[in-house]
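Student: Starting off with a structure, shown below.
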Amino acid sequence: MTRRIAQILGRGGELNPRNMRLGIWAWLIQRISGLALVVFVIAHVLAISQANLALTGPLFTMFDGLRNPFWAVNRTVLVIDLLILGIIAFHGMNGIRIVLFDVGVGVGLRSQKVVFYILIAIGVVASGLVIFYGLPLLGGT
Amino acid sequence: MVVVLGVHLWLANFGQASASLRAILGVILLGLALFHGLNGVRTVILDFNVGIQGRKFAAVILLLLGAASFLFGLHGLWPLIIGG
């Protein structure tokens, strides 16, 4: 296992940042963002299910932030909410690119990049709209 | 899932919908998100060549985690479900 990891990350390895191109970056970030979102989804579900717990202090802040993302109660939670929004946008848009790839859209080397950038732009605009229209809520009321 | 998630985000922040519609969307999104996420974790685990036993073990653990999370989610959605 250690040898395999050293092989992948070493000089000439496919996950050595010097050798990585857009496609492999997208693949790697898709995996990492997916794992982060699984943790978030389970924490979000657990937080919603524990709505009746009489929590106080930082534990309450953490649970409240997980229960109501984008209704941030303080700056730290706001940063986490925006990070989650970015991760969701990237993971969703890159997932759509993979589905399009499966049905034959954006298969060429160049068109793959074009489709990727178009979808990421759509994700950025969509996130911007959520932030723009959600900002009054993000401050917490 | 992208569509249901978009509707979920919209309703959570800006929109209004009946309790029954929220409950239906919530249960659908809960199931989709847990299946998609935990199946993704399984795919990542399979990339590490864990062998047949490892595959089965991962599948069982993830299935149990998914079932438990789904029940927790239903518990959280229960007021909407019985109110809808």
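Starting from 1 in every chain, residues are counted up; chains themselves are A, B, ... following the order of the structure tokens, and ligands are numbered from 1 as listed.
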With chain B as the partner and 6 Å as the cut-off, tabulate the residues of chain A that qualify, each row holding the nearest pair of atoms and their distance in Å to one decimal, using only C-alpha atoms, sorted by chain and rising number, as a tab-separated table.
Tutor:
residue	atom	partner	partner_atom	distance
A:Val38	CA	B:Gly37	CA	5.3
A:Val45	CA	B:Gly73	CA	5.3
A:Ile48	CA	B:Gly76	CA	5.3
A:Ser49	CA	B:Gly76	CA	4.0
Student: Residues of chain A in helix (DSSP H, G or I) according to DSSP, as an MDAnalysis selection string?
Tutor: chainID A and resid 2:9 22:49 57:67 75:102 109:138
Student: When you look at Gly128 (chain A) with a cut-off of 12 Å (counting only C-alpha atoms), what residues show up, excluding the ones that are within fewer than 4 positions of it in the same chain? I need them as a list in words.
Tutor: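 Those residues are Leu82, Leu85, Gly86, Ala89, Ala121, Ile122, Gly123, Val124, Phe132, Tyr133, Gly134 and Leu135 of chain A.
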Student: Find the residues near Ile81 (chain B): any atom within 12 Å, counting only C-alpha atoms, skip ones fewer than 6 places away on the same chain, and give them as a ChimeraX atom specification.
Tutor: /B:18-27,73-75
Student: Could you write out that same residue set with N, CA and C atoms as an mmCIF file, in the first residue's frame?
Tutor:
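out.cif, written as the output of this step:
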data_model
loop_
_atom_site.group_PDB
_atom_site.id
_atom_site.type_symbol
_atom_site.label_atom_id
_atom_site.label_comp_id
_atom_site.auth_asym_id
_atom_site.auth_seq_id
_atom_site.Cartn_x
_atom_site.Cartn_y
_atom_site.Cartn_z
ATOM 1 N N SER B 18 -46.263 23.872 0.866
ATOM 2 C CA SER B 18 -47.055 23.177 1.892
ATOM 3 C C SER B 18 -46.175 22.169 2.625
ATOM 4 N N ALA B 19 -46.608 21.794 3.829
ATOM 5 C CA ALA B 19 -45.839 20.838 4.637
ATOM 6 C C ALA B 19 -45.721 19.504 3.917
ATOM 7 N N SER B 20 -46.797 19.096 3.205
ATOM 8 C CA SER B 20 -46.752 17.796 2.535
ATOM 9 C C SER B 20 -45.719 17.804 1.405
ATOM 10 N N LEU B 21 -45.663 18.924 0.641
ATOM 11 C CA LEU B 21 -44.672 19.012 -0.443
ATOM 12 C C LEU B 21 -43.254 19.001 0.132
ATOM 13 N N ARG B 22 -43.041 19.750 1.217
ATOM 14 C CA ARG B 22 -41.723 19.769 1.875
ATOM 15 C C ARG B 22 -41.346 18.383 2.375
ATOM 16 N N ALA B 23 -42.348 17.683 2.931
ATOM 17 C CA ALA B 23 -42.078 16.334 3.460
ATOM 18 C C ALA B 23 -41.685 15.393 2.328
ATOM 19 N N ILE B 24 -42.427 15.447 1.214
ATOM 20 C CA ILE B 24 -42.136 14.553 0.074
ATOM 21 C C ILE B 24 -40.744 14.855 -0.480
ATOM 22 N N LEU B 25 -40.461 16.153 -0.702
ATOM 23 C CA LEU B 25 -39.139 16.541 -1.216
ATOM 24 C C LEU B 25 -38.031 16.146 -0.249
ATOM 25 N N GLY B 26 -38.297 16.324 1.045
ATOM 26 C CA GLY B 26 -37.298 15.997 2.064
ATOM 27 C C GLY B 26 -36.950 14.519 2.066
ATOM 28 N N VAL B 27 -37.991 13.664 2.001
ATOM 29 C CA VAL B 27 -37.743 12.207 2.016
ATOM 30 C C VAL B 27 -37.006 11.789 0.739
ATOM 31 N N GLY B 73 -33.017 10.867 9.717
ATOM 32 C CA GLY B 73 -33.599 11.895 8.845
ATOM 33 C C GLY B 73 -35.108 11.883 8.885
ATOM 34 N N LEU B 74 -35.686 10.668 8.849
ATOM 35 C CA LEU B 74 -37.149 10.549 8.934
ATOM 36 C C LEU B 74 -37.656 11.118 10.256
ATOM 37 N N HIS B 75 -36.867 10.849 11.323
ATOM 38 C CA HIS B 75 -37.225 11.378 12.645
ATOM 39 C C HIS B 75 -37.257 12.915 12.606
#
Student: Which residue gives the smallest distance to Lys113 (chain A) among A:His91, A:Arg31, A:Arg75, A:Arg21, with only C-alpha atoms counted?
Tutor: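 Using only C-alpha atoms, Lys113 (chain A) sits closest to A:Arg21.
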Student: With only C-alpha atoms as the counted atoms, please give the residues lying no more than 9 Å from region 12-16 of chain A, apart from itself and same-chain residues fewer than 5 positions off, as a PyMOL selection string.
Tutor: chain A and resi 6-7+24-25+28
Student: Could those selected residues go to a file with C-alpha atoms, as a compact mmCIF listing (two decimals), in the first residue's frame?
Tutor:
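Generated output (selection_16.txt):
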# COMPACT_ATOMS: atom_id res chain seq x y z
CA ALA A 6 4.72 6.45 -3.21
CA GLN A 7 4.45 5.30 -6.83
CA ILE A 24 -7.19 14.70 -13.04
CA TRP A 25 -7.58 17.80 -10.82
CA LEU A 28 -9.45 14.47 -7.43
